[in-house]
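Coordinates from final-v3.cif are shown below (mmCIF, C-alpha atoms).
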```
data_target
loop_
_atom_site.group_PDB
_atom_site.id
_atom_site.type_symbol
_atom_site.label_atom_id
_atom_site.label_comp_id
_atom_site.auth_asym_id
_atom_site.auth_seq_id
_atom_site.Cartn_x
_atom_site.Cartn_y
_atom_site.Cartn_z
ATOM 1 C CA MET A 22 0.000 0.000 0.000
ATOM 2 C CA THR A 23 2.963 2.304 -0.462
ATOM 3 C CA GLU A 24 1.314 3.931 -3.473
ATOM 4 C CA SER A 25 -1.837 4.785 -1.554
ATOM 5 C CA GLY A 26 -3.015 7.428 0.813
ATOM 6 C CA GLY A 27 -6.325 8.793 1.893
ATOM 7 C CA PRO A 28 -9.534 6.896 2.543
ATOM 8 C CA GLU A 29 -10.555 3.616 0.995
ATOM 9 C CA THR A 30 -13.634 2.979 3.155
ATOM 10 C CA LEU A 31 -16.195 5.230 4.762
ATOM 11 C CA SER A 32 -18.230 4.544 7.883
ATOM 12 C CA ASP A 33 -21.157 6.885 7.369
ATOM 13 C CA PRO A 34 -23.398 7.429 10.419
ATOM 14 C CA ARG A 35 -26.372 7.684 8.033
ATOM 15 C CA ASN A 36 -25.996 3.922 7.461
ATOM 16 C CA TYR A 37 -26.896 3.172 11.092
ATOM 17 C CA THR A 38 -30.225 3.525 12.849
ATOM 18 C CA LYS A 39 -28.443 4.487 16.070
ATOM 19 C CA PHE A 40 -24.889 5.323 17.073
ATOM 20 C CA ASP A 41 -23.787 2.557 19.414
ATOM 21 C CA LYS A 42 -21.020 -0.009 19.874
ATOM 22 C CA GLU A 43 -22.214 -1.913 16.769
ATOM 23 C CA CYS A 44 -21.460 1.140 14.629
ATOM 24 C CA MET A 45 -17.816 1.046 15.700
ATOM 25 C CA LYS A 46 -17.267 -2.590 14.636
ATOM 26 C CA SER A 47 -16.757 -1.682 10.986
ATOM 27 C CA ALA A 48 -14.394 0.462 8.941
ATOM 28 C CA GLY A 49 -17.353 1.032 6.636
ATOM 29 C CA SER A 50 -17.980 0.263 2.992
ATOM 30 C CA ALA A 51 -15.662 0.783 0.043
ATOM 31 C CA ILE A 52 -16.025 4.310 -1.304
ATOM 32 C CA VAL A 53 -17.811 4.835 -4.616
ATOM 33 C CA GLY A 54 -15.616 4.114 -7.620
ATOM 34 C CA THR A 55 -13.379 1.557 -5.913
ATOM 35 C CA ASP A 56 -13.195 -2.223 -5.666
ATOM 36 C CA LEU A 57 -12.150 -3.818 -2.387
ATOM 37 C CA ILE A 58 -11.739 -7.487 -1.455
ATOM 38 C CA ILE A 59 -10.208 -9.497 1.354
ATOM 39 C CA TYR A 60 -7.958 -11.898 -0.534
ATOM 40 C CA ASN A 61 -7.519 -15.435 0.780
ATOM 41 C CA PRO A 62 -9.382 -14.902 4.081
ATOM 42 C CA ASP A 63 -8.773 -17.312 6.956
ATOM 43 C CA LYS A 64 -11.528 -18.809 9.149
ATOM 44 C CA ASN A 65 -11.848 -15.456 10.956
ATOM 45 C CA GLY A 66 -12.241 -13.532 7.698
ATOM 46 C CA GLU A 67 -8.774 -11.999 7.989
ATOM 47 C CA GLY A 68 -6.606 -11.778 4.895
ATOM 48 C CA GLU A 69 -4.836 -9.409 2.547
ATOM 49 C CA ILE A 70 -6.752 -6.194 1.785
ATOM 50 C CA CYS A 71 -6.728 -5.572 -1.979
ATOM 51 C CA TYR A 72 -8.296 -2.530 -3.596
ATOM 52 C CA LYS A 73 -8.228 -0.521 -6.773
ATOM 53 C CA GLY A 74 -9.748 2.633 -8.156
ATOM 54 C CA ARG A 75 -8.896 5.910 -9.853
ATOM 55 C CA ASN A 76 -8.114 7.380 -6.452
ATOM 56 C CA ARG A 77 -5.140 4.993 -6.268
ATOM 57 C CA PHE A 78 -2.072 4.432 -8.381
ATOM 58 C CA MET A 79 -3.023 4.937 -12.034
ATOM 59 C CA GLY A 80 0.409 4.350 -13.511
ATOM 60 C CA TYR A 81 3.801 5.920 -13.920
ATOM 61 C CA PHE A 82 3.734 9.125 -15.957
ATOM 62 C CA LYS A 83 4.739 8.372 -19.562
ATOM 63 C CA MET A 84 6.165 4.960 -18.502
ATOM 64 C CA GLU A 85 3.618 2.462 -19.838
ATOM 65 C CA ASN A 86 5.954 -0.571 -19.750
ATOM 66 C CA ASP A 87 6.959 0.049 -16.124
ATOM 67 C CA THR A 88 3.297 0.468 -15.191
ATOM 68 C CA ARG A 89 2.405 -2.895 -16.782
ATOM 69 C CA LYS A 90 5.208 -4.620 -14.844
ATOM 70 C CA THR A 91 3.974 -3.113 -11.574
ATOM 71 C CA LEU A 92 0.273 -3.973 -11.809
ATOM 72 C CA ASP A 93 -1.023 -7.503 -11.337
#
```

Output the structure of this file as structure tokens.
Amino acid sequence: MTESGGPETLSDPRNYTKFDKECMKSAGSAIVGTDLIIYNPDKNGEGEICYKGRNRFMGYFKMENDTRKTLD
């Protein structure tokens, strides 16, 4: 995640009927325009966080070949 910064999820209070301890158990949903998955989750649902979107790394400026080598 060295190429990232800023939010990837949003916990919006409007998504909850009341503000209580249940509200604080989530980092929220992926923001609009992004894709987020937990890759290879274990039995507890913990795994690698993978996300993409235009708010993330879009490529190296004028370096198309280096960009292709970087992205998987």

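CA of Asn86 (chain A) sits 29.1 Å away from CA of Ile52 (chain A).
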
Å distance separating CA of Ile59 (chain A) from CA of Phe78 (chain A), one decimal place: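 Between CA of Ile59 (chain A) and CA of Phe78 (chain A) the gap works out to 18.8 Å.
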
Which value, in Å to one decimal, gives the distance between CA of Cys71 (chain A) and CA of Thr30 (chain A)? 12.1 Å

Selection dump of the PyMOL selection byres ((chain A and resi 75) around 12), as a list in words: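 That expression, the PyMOL selection byres ((chain A and resi 75) around 12), corresponds here to Ser25, Glu29, Ile52, Val53, Gly54, Thr55, Asp56, Tyr72, Lys73, Gly74, Asn76, Arg77, Phe78, Met79 and Gly80 of chain A.
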
Calculate, to one decimal in Å, the centre and edge lengths of the box along x, y and z of the file that holds all listed atoms of region 61-70 of chain A with 8 Å of margin on each side, and present them as lines of an AutoDock Vina configuration file.
```
center_x = -8.5
center_y = -12.5
center_z = 5.9
size_x = 23.4
size_y = 28.6
size_z = 26.2
```

Please list as number ranges by chain every residue within 7 Å of Ser32 (chain A), counting only C-alpha atoms and excluding residues in the same chain fewer than 3 positions away. A: 48-50
